[in-house]
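Report on the following structure.
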Amino acid sequence: MKLLVHNMLTSNIMKGVTKGYPLNIVATKVETLEVDFNPAFVVKSVSKIDWPAFRHAANQVGKGEDLPEELESGFESNEDLVKKIHHAMLEVEVVEGDLECPETGRKFPITNGCPNMLLKEHEVKN
């Protein structure tokens, strides 16, 4: 699971959950996979994500040390920073572990890079 994908996941359809975001990452296996650098894609993606949640996720898997707490306007002209974001967003892969709902503690397993967000019938909001 790439950190870009993680930024879009929530457990808000569970009973008792109002927000369910961002999910905590408890990774047991993280890999780095090389992906061609596409600065335009990275810049466009940054405009669509929740930056604090993304940075927090990167920190949870040990890959956020080079990311600023806040992105300043004009960051796209800093190629070094865009490459660091690219790395965390697209090259870091959570292969095994769990996603954990911040409200209920419910764990969703990540196996072979795929998060399983399926709920049991009794967990779904009516």
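Residue names in the structure tokens use chain letters A, B, ... in the order shown, residue numbers from 1 in each chain, and ligand numbers from 1 in the order shown.
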
Next item on the list: Tell me, as a PyMOL selection string, which residues lie within 12 Å of Ser47 of chain A, counting only C-alpha atoms; anything in the same chain fewer than 2 positions away does not count.
Entry: chain A and resi 4+40-45+49-51+54+71-73+75-76

Selection file, C-alpha atoms, as an mmCIF file, in the first residue's frame:
```
data_model
loop_
_atom_site.group_PDB
_atom_site.id
_atom_site.type_symbol
_atom_site.label_atom_id
_atom_site.label_comp_id
_atom_site.auth_asym_id
_atom_site.auth_seq_id
_atom_site.Cartn_x
_atom_site.Cartn_y
_atom_site.Cartn_z
ATOM 1 C CA LEU A 4 -0.799 8.123 -1.417
ATOM 2 C CA ALA A 40 3.888 17.199 -12.347
ATOM 3 C CA PHE A 41 2.061 14.180 -10.913
ATOM 4 C CA VAL A 42 3.554 14.751 -7.453
ATOM 5 C CA VAL A 43 2.627 18.444 -7.395
ATOM 6 C CA LYS A 44 -0.920 17.731 -8.592
ATOM 7 C CA SER A 45 -1.311 14.913 -6.039
ATOM 8 C CA ILE A 49 -4.147 15.105 -0.187
ATOM 9 C CA ASP A 50 -4.311 15.949 3.491
ATOM 10 C CA TRP A 51 -0.687 17.006 4.047
ATOM 11 C CA PHE A 54 0.376 12.211 4.801
ATOM 12 C CA LEU A 71 4.176 22.929 2.830
ATOM 13 C CA GLU A 72 4.781 26.514 1.849
ATOM 14 C CA SER A 73 3.421 27.975 -1.347
ATOM 15 C CA PHE A 75 7.176 24.254 -2.896
ATOM 16 C CA GLU A 76 6.851 22.929 -6.453
#
```

Next item on the list: Using only C-alpha atoms, determine which residues lie at most 12 Å from segment 92-94 of chain A, disregarding the query and same-chain residues fewer than 5 positions distant; provide the list as a ChimeraX atom specification.
Entry: /A:1-6,25-35,57-64,84-87,99,109-115

Notebook entry, point to check: Which residue, A:Met8, A:Asp36, A:Ile13, A:Gly20, has the smallest gap to Cys101 of chain A when you use only C-alpha atoms?
Noted result: A:Gly20

Next item on the list: Apply DSSP to the backbone of this structure and, from segment 2-69 of chain A, keep only the residues in helix (DSSP H, G or I); write these as a PyMOL selection string.
Entry: chain A and resi 3-6+39-46+51-60

Margin query: According to DSSP computed on the backbone, where in chain A is there strand (DSSP E)? Give the residues as a count of residues only.
Written below: 25

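Of the residues under consideration (A:Ala53, A:Val46, A:Val95, A:Met117), A:Ala53 shows the shortest atom-to-atom contact distance to Pro22 of chain A when counting only C-alpha atoms.
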